[in-house]
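S.K.: Okay, here's the structure, questions in a sec.
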Amino acid sequence: MRRIRRKSINWFLTGVLALILSSRYVIPVPTFDVPTATVLETQRGELLGARIADDGQWRFPAGDSIPPQFVACLLQFEDQYFYHHPGINPVSLYRSFKTNLAQGRIVSGGSTLTMQVARLLRNGKPRTYSQKLLETLIAIHLEINFTKDEILAMYVAHAPFGGNVVGLEAASWRYFGRPSHQLSWAEYAVLAVLPNAPSLLYPGKNTQQLKQKRDRLLDRLLEKQVIDEQTCKLAKLEPLPDRPVPLPQEARHALDRMQVRHPGQRATTSLRYYLQRQAQQTLNTHVAQLASNQVFNAAALIVQVDNGNTLAYVGNATGSRDHNNDVDVVIAKRSTGSILKPFLYASALTHGILLPKMLMPDVPTYVSGYAPKNYFPTFDGAVSADQALYRSLNVPFVRLLQQYGVDRFYHDLQNLEMSTLHYPSSHYGLSLILGGAETKLIDLAHMYAGMARVLNNQDMALPSKSFAGVGIVPTGYKATQKNARYLSPGAIYHTFEAMTQVNRPVSEDGWQSFTSSRRVAWKTGTSFGNKDAWAVGTTPEYVVAVWVGNADGEGRPGLTGVTSAAPLMFDLFSLLGPTTWFYPPYDDMTQASVCSKSGYRSSKWCEGADTVWLPQAVNKTLACPFHRVVHLSPDERWRVNAYCERPSKIKHKKWFMLPPIQEWYYKRKAPLYKTLPPLREDCFDPNAMSTMEFIYPKNSNKLYIPVQLDGSKGRVVFEVAHRNPQKQLFWHLNGVYLGTTREFHQMEIYEGQGKHKLVVVDEDGVELIKQFYILND
């Protein structure tokens, strides 16, 4: 008998061991294969938004921890012996079996939390004795393969909480509008009792029964000395939630990007909750004001310079779908306007083509039929480079791009991670600097932040931009760090210094007078047809980038970067903390002597020079070409030479002199500019300096003259600049006299196809000759 008993025990132990081994190594472990919601949170755990799971359930991805207060409530209500039983509680099962047998139907399950997890894995199978047996086996299987905490986490993530709310995290936000770690004892108690009968009891339905269950659980917690009497009384006084509350939607467009790229994941973002909310409200206020001009859309980014993280991501104004407010303009391709000029300016400084005060030509320009115009259709003749930047003059920058090279600048922009250059550089041509290309707000923000990082002695490129532009780091995502310095720190510093001089909106007038004012390097842009208004500003700490317009591309009169985008940009800056300014990168600069009038490297002929810190490439720039020594009569009224004046009487004087076409426009706005005295009549100068120059056509010798709409022959207008506008000019075409001009030297010419010769002669007999071809009648 003893041998039989021992043998039976051995067989039993062998069977148990076989069951354990099979469960551990042979039988597949069941897992939850259900879709989850896409969840976007701040680094502090604040919910920015969520998208419902594909099966229509609010089921958040499992969190990394469970509040201990909820665990206490749940175990007291559902399974007090959870940490002591092997997945089943025989006493509870026996008690429920007797109750069900007495009632003639299943009214009590006697299930442990592990068995409830098994039932959730079975996904709503009917409650029968056979199913109960299967759940028991699955529960044991789970206990063998998972720890108690892992099983508890499964339950918390997948338990039903009424309606289409599944899991503790979703329930916490849907019923209380807060994360689960911030609830009260009363709220934890409500959530602990809901899975017991989710179809019967949930907020807004059978409120009295729900309150009774909650209060009984609180009494049990008091009895077990989990909470004290005062806490219990106060918890019972808390009201129940009336109905589910809407989930936050503070960053809907960032969430949309997360939903497309990584659906069903929980992501932590660098966005700051309250800054994001304030940025959205500020943008909405501005768009509401612009709506009177039929402007309905805007977008904004606030980027932290040192790490490239996005602190606020506002893809559009919140409003009616009739105005395309669902469009995420942060990633939309829009015409650049003149927002790329600082990059060309910095590139030219980096390579020694330009200096900050160097005079650039601002004159009528014609390049292969392309004739750029300034926003205000006037010309300065010559303007300093920094002024051309902060005034955003188009003509000087088109000429600079022609000098620098379109292909070269195109590759610079690619190196700066401008992602929208999908065509070869020849497709854009010189219009690349004036809106001929498209860009994205997210690219612009990080391109400007990259320049600021160089001045902060950091790498220009950082990985945080590479996913969604909002600093989201999904599970398993690894980024690689790049090292890139395409622009020199000295060039960037002088670029930013020039950008601080841009005229601010009316609301910012007089900012220099206040010591508390924020110094910002900023630039605006306006696309052709007033379709896009840009404003981007940077400090050592932040970049704020703004776009304003209509998402459908409709232009509106008065929609400009200065009037529409800049006020919003400065209002967004006001949401940020105090900022500093960049330190001059002296280790990347050198002191150089610069001509005080021309801004070029000073030559021996310059009248005055300034010693300034400049980018190291200053040594590659030309010496001043505008200063030279002229020979004057004793009274300085005439230019003379040894052919007409005794050398002892000739006065030698340094003179600042621009080319004729630049001088013609420049002296109108520079009353102190001295024109070169004329050559005395009795003098002959074999090396006479040019006194005349063609304004149009400048370089082209092949002209196309179209037929007018009424069928009449077209015309071409030739224009000449003379150092002395009062001089009469005599015009001859193909040997035939055409007429005389004084002050405004323009002449209309009507000629047919073929080769022609134009000769312009001034009163002193100086000739200007132009040979050209007319290609068509």
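Chain labels A, B, ... are given in the sequence in which chains occur in the structure tokens; within each chain residues are numbered consecutively from 1, and ligands are likewise numbered from 1 in the order shown.
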Counting only C-alpha atoms, which residues of region 621-736 of chain A sit at most 12 Å from some atom of region 383-400 of chain A, and what is each one's closest atom pair with its distance in Å to one decimal, listed by chain and rising residue number, as a Markdown table?

M.R.:
```
| residue | atom | partner | partner_atom | distance |
| --- | --- | --- | --- | --- |
| A:Leu658 | CA | A:Val383 | CA | 11.5 |
| A:Gln662 | CA | A:Val383 | CA | 9.6 |
| A:Glu663 | CA | A:Val383 | CA | 11.2 |
| A:Tyr665 | CA | A:Val383 | CA | 10.7 |
| A:Tyr666 | CA | A:Val383 | CA | 8.4 |
| A:Lys667 | CA | A:Val383 | CA | 11.7 |
| A:Lys669 | CA | A:Val383 | CA | 10.6 |
| A:Ala670 | CA | A:Val383 | CA | 10.7 |
```

S.K.: Suppose we keep N, CA, C and O atoms; can you now write the selection as a PDB file, in the first residue's frame?

M.R.:
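Once everything was written out, this is result-v4.pdb:
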```pdb
ATOM      1  N   LEU A 658      32.132 106.054 -58.222  1.00  0.00           N
ATOM      2  CA  LEU A 658      31.407 104.849 -58.605  1.00  0.00           C
ATOM      3  C   LEU A 658      31.326 104.744 -60.125  1.00  0.00           C
ATOM      4  O   LEU A 658      31.459 105.758 -60.826  1.00  0.00           O
ATOM      5  N   GLN A 662      25.981 103.199 -61.523  1.00  0.00           N
ATOM      6  CA  GLN A 662      25.754 103.217 -60.080  1.00  0.00           C
ATOM      7  C   GLN A 662      25.702 104.656 -59.566  1.00  0.00           C
ATOM      8  O   GLN A 662      24.862 105.007 -58.735  1.00  0.00           O
ATOM      9  N   GLU A 663      26.593 105.474 -60.070  1.00  0.00           N
ATOM     10  CA  GLU A 663      26.642 106.870 -59.633  1.00  0.00           C
ATOM     11  C   GLU A 663      25.356 107.609 -59.965  1.00  0.00           C
ATOM     12  O   GLU A 663      24.859 108.411 -59.171  1.00  0.00           O
ATOM     13  N   TYR A 665      22.300 106.637 -60.024  1.00  0.00           N
ATOM     14  CA  TYR A 665      21.244 106.413 -59.039  1.00  0.00           C
ATOM     15  C   TYR A 665      21.701 106.798 -57.630  1.00  0.00           C
ATOM     16  O   TYR A 665      20.918 107.313 -56.828  1.00  0.00           O
ATOM     17  N   TYR A 666      22.965 106.553 -57.328  1.00  0.00           N
ATOM     18  CA  TYR A 666      23.473 106.738 -55.970  1.00  0.00           C
ATOM     19  C   TYR A 666      23.416 108.194 -55.522  1.00  0.00           C
ATOM     20  O   TYR A 666      23.004 108.494 -54.395  1.00  0.00           O
ATOM     21  N   LYS A 667      23.810 109.097 -56.406  1.00  0.00           N
ATOM     22  CA  LYS A 667      23.911 110.494 -55.987  1.00  0.00           C
ATOM     23  C   LYS A 667      22.554 111.132 -55.717  1.00  0.00           C
ATOM     24  O   LYS A 667      22.458 112.144 -55.044  1.00  0.00           O
ATOM     25  N   LYS A 669      20.363 109.800 -53.840  1.00  0.00           N
ATOM     26  CA  LYS A 669      20.035 109.504 -52.447  1.00  0.00           C
ATOM     27  C   LYS A 669      21.204 109.781 -51.505  1.00  0.00           C
ATOM     28  O   LYS A 669      21.086 109.560 -50.309  1.00  0.00           O
ATOM     29  N   ALA A 670      22.309 110.230 -52.057  1.00  0.00           N
ATOM     30  CA  ALA A 670      23.487 110.540 -51.248  1.00  0.00           C
ATOM     31  C   ALA A 670      23.947 111.957 -51.587  1.00  0.00           C
ATOM     32  O   ALA A 670      24.835 112.154 -52.427  1.00  0.00           O
TER      33      ALA A 670
END
```

S.K.: Can you tell me, as a list in words, what residues are no more than 10 Å from region 242-247 of chain A when counting only C-alpha atoms, ignoring any on the same chain fewer than 6 positions away?

M.R.: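 These residues fall inside the cut-off: Leu47, Leu48, Gly49, Ala50, Arg51, Gly162, Gly163, Val165, Ala170, Ala171, Ser172, Trp173, Arg174, Tyr175, Phe176, Gly177, Arg178, Tyr202, Pro203, Gly204, Lys205 and Thr207 of chain A.
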
S.K.: Export, as an mmCIF file, in the first residue's frame, the selected residues with N, CA and C atoms.

M.R.:
```cif
data_model
loop_
_atom_site.group_PDB
_atom_site.id
_atom_site.type_symbol
_atom_site.label_atom_id
_atom_site.label_comp_id
_atom_site.auth_asym_id
_atom_site.auth_seq_id
_atom_site.Cartn_x
_atom_site.Cartn_y
_atom_site.Cartn_z
ATOM 1 N N LEU A 47 -0.287 64.607 -21.497
ATOM 2 C CA LEU A 47 -0.855 64.106 -22.745
ATOM 3 C C LEU A 47 -1.127 65.269 -23.692
ATOM 4 N N LEU A 48 -0.502 65.212 -24.858
ATOM 5 C CA LEU A 48 -0.730 66.225 -25.886
ATOM 6 C C LEU A 48 -1.846 65.820 -26.836
ATOM 7 N N GLY A 49 -2.052 64.542 -26.995
ATOM 8 C CA GLY A 49 -3.116 64.090 -27.876
ATOM 9 C C GLY A 49 -3.032 62.598 -28.094
ATOM 10 N N ALA A 50 -4.105 62.026 -28.642
ATOM 11 C CA ALA A 50 -4.152 60.595 -28.923
ATOM 12 C C ALA A 50 -5.100 60.347 -30.079
ATOM 13 N N ARG A 51 -4.835 59.285 -30.819
ATOM 14 C CA ARG A 51 -5.706 58.828 -31.900
ATOM 15 C C ARG A 51 -6.205 57.438 -31.536
ATOM 16 N N GLY A 162 -15.694 50.389 -19.493
ATOM 17 C CA GLY A 162 -16.976 50.955 -19.907
ATOM 18 C C GLY A 162 -16.901 51.630 -21.260
ATOM 19 N N GLY A 163 -17.966 51.428 -22.061
ATOM 20 C CA GLY A 163 -17.972 52.017 -23.393
ATOM 21 C C GLY A 163 -16.826 51.450 -24.228
ATOM 22 N N VAL A 165 -13.667 52.317 -23.716
ATOM 23 C CA VAL A 165 -12.469 52.658 -22.945
ATOM 24 C C VAL A 165 -11.854 51.384 -22.394
ATOM 25 N N ALA A 170 -6.069 54.929 -20.464
ATOM 26 C CA ALA A 170 -7.148 55.532 -21.249
ATOM 27 C C ALA A 170 -8.308 55.939 -20.347
ATOM 28 N N ALA A 171 -8.649 55.081 -19.374
ATOM 29 C CA ALA A 171 -9.752 55.396 -18.467
ATOM 30 C C ALA A 171 -9.445 56.630 -17.628
ATOM 31 N N SER A 172 -8.214 56.733 -17.163
ATOM 32 C CA SER A 172 -7.830 57.881 -16.342
ATOM 33 C C SER A 172 -8.022 59.185 -17.108
ATOM 34 N N TRP A 173 -7.602 59.205 -18.383
ATOM 35 C CA TRP A 173 -7.757 60.427 -19.180
ATOM 36 C C TRP A 173 -9.207 60.649 -19.602
ATOM 37 N N ARG A 174 -9.913 59.577 -19.954
ATOM 38 C CA ARG A 174 -11.287 59.734 -20.444
ATOM 39 C C ARG A 174 -12.261 60.146 -19.344
ATOM 40 N N TYR A 175 -12.021 59.704 -18.121
ATOM 41 C CA TYR A 175 -12.973 59.991 -17.046
ATOM 42 C C TYR A 175 -12.535 61.130 -16.126
ATOM 43 N N PHE A 176 -11.211 61.348 -16.024
ATOM 44 C CA PHE A 176 -10.747 62.364 -15.075
ATOM 45 C C PHE A 176 -9.832 63.406 -15.710
ATOM 46 N N GLY A 177 -9.445 63.208 -16.961
ATOM 47 C CA GLY A 177 -8.649 64.211 -17.655
ATOM 48 C C GLY A 177 -7.242 64.367 -17.102
ATOM 49 N N ARG A 178 -6.733 63.312 -16.446
ATOM 50 C CA ARG A 178 -5.388 63.368 -15.871
ATOM 51 C C ARG A 178 -4.703 62.013 -16.039
ATOM 52 N N TYR A 202 -20.643 52.618 -15.572
ATOM 53 C CA TYR A 202 -19.595 53.514 -16.026
ATOM 54 C C TYR A 202 -20.112 54.926 -15.859
ATOM 55 N N PRO A 203 -19.210 55.903 -15.790
ATOM 56 C CA PRO A 203 -19.621 57.274 -15.476
ATOM 57 C C PRO A 203 -20.756 57.754 -16.376
ATOM 58 N N GLY A 204 -21.774 58.293 -15.711
ATOM 59 C CA GLY A 204 -22.947 58.790 -16.422
ATOM 60 C C GLY A 204 -24.085 57.788 -16.468
ATOM 61 N N LYS A 205 -23.874 56.556 -15.978
ATOM 62 C CA LYS A 205 -24.911 55.528 -16.009
ATOM 63 C C LYS A 205 -24.921 54.792 -14.673
ATOM 64 N N THR A 207 -25.391 55.791 -11.634
ATOM 65 C CA THR A 207 -24.454 56.513 -10.787
ATOM 66 C C THR A 207 -24.522 56.040 -9.341
#
```

S.K.: Hey, which bits of region 500-600 of chain A sit within 12 Å of region 627-633 of chain A, and for each residue what's the closest pair of atoms and how far apart in Å (one decimal), counting only C-alpha atoms, rows by chain and increasing number, as a Markdown table?

M.R.:
```
| residue | atom | partner | partner_atom | distance |
| --- | --- | --- | --- | --- |
| A:Cys595 | CA | A:His627 | CA | 9.2 |
| A:Ser596 | CA | A:His627 | CA | 11.0 |
| A:Lys597 | CA | A:His627 | CA | 9.1 |
| A:Ser598 | CA | A:His627 | CA | 8.5 |
| A:Gly599 | CA | A:His627 | CA | 11.4 |
| A:Tyr600 | CA | A:His627 | CA | 10.3 |
```

S.K.: Nearest to Asn196 (chain A): which of A:Phe32, A:Tyr83, A:Phe77, A:Tyr448 is it, counting only C-alpha atoms?

M.R.: A:Phe77

S.K.: Skipping near chain neighbours, those fewer than 4 positions away, what residues fall within 10 Å of Asn457 (chain A) using only C-alpha atoms, listed as a CSV table (one decimal) with N, CA, C and O atoms, in the first residue's frame?

M.R.:
```
chain,number,residue,atom,x,y,z
A,306,ASP,N,20.2,74.6,-28.8
A,306,ASP,CA,21.3,73.8,-28.4
A,306,ASP,C,21.2,72.3,-28.8
A,306,ASP,O,22.1,71.6,-29.1
A,452,ALA,N,22.8,79.0,-35.8
A,452,ALA,CA,23.0,79.5,-34.4
A,452,ALA,C,23.9,78.5,-33.6
A,452,ALA,O,24.7,78.9,-32.8
A,453,ARG,N,23.7,77.2,-33.9
A,453,ARG,CA,24.5,76.2,-33.1
A,453,ARG,C,26.0,76.4,-33.5
A,453,ARG,O,26.9,76.2,-32.6
A,489,PRO,N,31.8,80.5,-38.6
A,489,PRO,CA,31.2,81.2,-37.5
A,489,PRO,C,31.3,82.7,-37.6
A,489,PRO,O,30.4,83.4,-37.3
A,585,PRO,N,32.9,85.4,-32.5
A,585,PRO,CA,33.8,84.3,-32.6
A,585,PRO,C,35.2,84.8,-33.0
A,585,PRO,O,35.6,84.6,-34.2
```

S.K.: Please provide as an NGL selection string all residues within 6 Å of Trp547 (chain A), with the sequence filter that same-chain residues fewer than 2 positions apart are discarded (counting only C-alpha atoms).

M.R.: :A and (298-299 or 533-534)

S.K.: Compile the contact shell of Trp638 (chain A) as a list of chain:residue names: residues with an atom at most 6 Å away, counting only C-alpha atoms, same-chain residues fewer than 6 positions apart removed.

M.R.: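 Residues near the query, excluding close chain neighbours: A:Leu632, A:Pro677, A:Pro678, A:Leu679, A:Arg680.
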
S.K.: So which bits of region 258-455 of chain A end up strand (DSSP E or B) when you DSSP the backbone, as a PyMOL selection string?

M.R.: chain A and resi 266-269+297-304+310-314+334-335+359-362+367+370+381-384+438-439

S.K.: Please, could you write that set of residues out with N, CA and C atoms as a compact mmCIF listing (two decimals), in the first residue's frame?

M.R.:
```txt
# COMPACT_ATOMS: atom_id res chain seq x y z
N ARG A 266 3.26 54.76 -28.18
CA ARG A 266 3.31 55.87 -27.24
C ARG A 266 4.66 56.56 -27.44
N ALA A 267 4.63 57.86 -27.72
CA ALA A 267 5.87 58.59 -28.00
C ALA A 267 6.01 59.75 -27.03
N THR A 268 7.24 59.97 -26.63
CA THR A 268 7.58 61.12 -25.79
C THR A 268 8.18 62.19 -26.69
N THR A 269 7.72 63.40 -26.55
CA THR A 269 8.16 64.49 -27.41
C THR A 269 8.77 65.60 -26.59
N ASN A 297 -4.93 80.91 -42.69
CA ASN A 297 -4.02 79.86 -42.24
C ASN A 297 -2.69 80.42 -41.76
N ALA A 298 -2.07 79.70 -40.87
CA ALA A 298 -0.74 80.06 -40.37
C ALA A 298 -0.12 78.82 -39.73
N ALA A 299 1.19 78.86 -39.56
CA ALA A 299 1.91 77.76 -38.91
C ALA A 299 3.11 78.35 -38.19
N ALA A 300 3.56 77.65 -37.15
CA ALA A 300 4.69 78.17 -36.37
C ALA A 300 5.46 77.03 -35.72
N LEU A 301 6.75 77.24 -35.58
CA LEU A 301 7.63 76.32 -34.86
C LEU A 301 8.49 77.12 -33.89
N ILE A 302 8.70 76.57 -32.71
CA ILE A 302 9.67 77.11 -31.76
C ILE A 302 10.68 76.01 -31.50
N VAL A 303 11.94 76.28 -31.83
CA VAL A 303 12.99 75.26 -31.76
C VAL A 303 14.04 75.69 -30.74
N GLN A 304 14.47 74.75 -29.93
CA GLN A 304 15.56 74.99 -28.99
C GLN A 304 16.88 74.79 -29.72
N THR A 310 12.13 70.58 -30.86
CA THR A 310 11.01 71.47 -31.13
C THR A 310 10.18 71.61 -29.86
N LEU A 311 10.00 72.84 -29.41
CA LEU A 311 9.26 73.10 -28.17
C LEU A 311 7.79 73.40 -28.43
N ALA A 312 7.48 73.89 -29.62
CA ALA A 312 6.08 74.13 -29.99
C ALA A 312 5.94 73.86 -31.48
N TYR A 313 4.90 73.11 -31.84
CA TYR A 313 4.65 72.71 -33.22
C TYR A 313 3.19 73.00 -33.52
N VAL A 314 2.95 74.10 -34.22
CA VAL A 314 1.58 74.51 -34.56
C VAL A 314 1.44 74.41 -36.07
N ARG A 334 6.23 75.50 -49.75
CA ARG A 334 5.75 76.82 -50.12
C ARG A 334 6.89 77.63 -50.72
N SER A 335 6.53 78.61 -51.54
CA SER A 335 7.53 79.45 -52.19
C SER A 335 8.32 80.23 -51.14
N LEU A 359 30.08 97.79 -50.77
CA LEU A 359 29.02 98.31 -51.62
C LEU A 359 28.67 97.30 -52.70
N MET A 360 27.37 97.06 -52.85
CA MET A 360 26.85 96.17 -53.88
C MET A 360 26.05 97.00 -54.87
N PRO A 361 26.12 96.68 -56.16
CA PRO A 361 25.36 97.46 -57.14
C PRO A 361 23.86 97.21 -57.00
N ASP A 362 23.12 98.29 -56.99
CA ASP A 362 21.66 98.23 -56.98
C ASP A 362 21.17 99.09 -58.13
N VAL A 367 19.36 89.91 -67.10
CA VAL A 367 20.19 88.71 -67.29
C VAL A 367 19.38 87.70 -68.10
N TYR A 370 15.80 88.00 -67.81
CA TYR A 370 15.30 88.08 -66.43
C TYR A 370 15.66 89.44 -65.85
N GLY A 381 21.56 102.59 -56.57
CA GLY A 381 22.84 102.69 -57.26
C GLY A 381 23.88 101.79 -56.62
N ALA A 382 24.21 102.04 -55.38
CA ALA A 382 25.12 101.21 -54.60
C ALA A 382 24.65 101.20 -53.16
N VAL A 383 24.73 100.04 -52.52
CA VAL A 383 24.24 99.90 -51.16
C VAL A 383 25.14 98.92 -50.43
N SER A 384 25.39 99.16 -49.15
CA SER A 384 26.25 98.26 -48.38
C SER A 384 25.58 96.89 -48.27
N GLU A 438 10.93 76.11 -53.56
CA GLU A 438 10.01 75.91 -52.44
C GLU A 438 10.78 75.38 -51.24
N THR A 439 10.24 75.63 -50.07
CA THR A 439 10.84 75.10 -48.85
C THR A 439 9.73 74.76 -47.87
```

S.K.: Report, in Å with one decimal, the straight-line distance from CA of Val295 (chain A) to CA of Gly553 (chain A).

M.R.: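 Taking CA of Val295 (chain A) as the start and CA of Gly553 (chain A) as the end point, the length is 10.4 Å.
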
S.K.: Counting only C-alpha atoms, which of A:Thr526, A:Thr378, A:Ser426, A:Thr741 gets nearest to Gly337 (chain A)?

M.R.: A:Thr526

S.K.: As a PyMOL selection string, which residues of region 292-330 of chain A does DSSP assign to helix (DSSP H, G or I)?

M.R.: chain A and resi 292-293+321-323+329-330
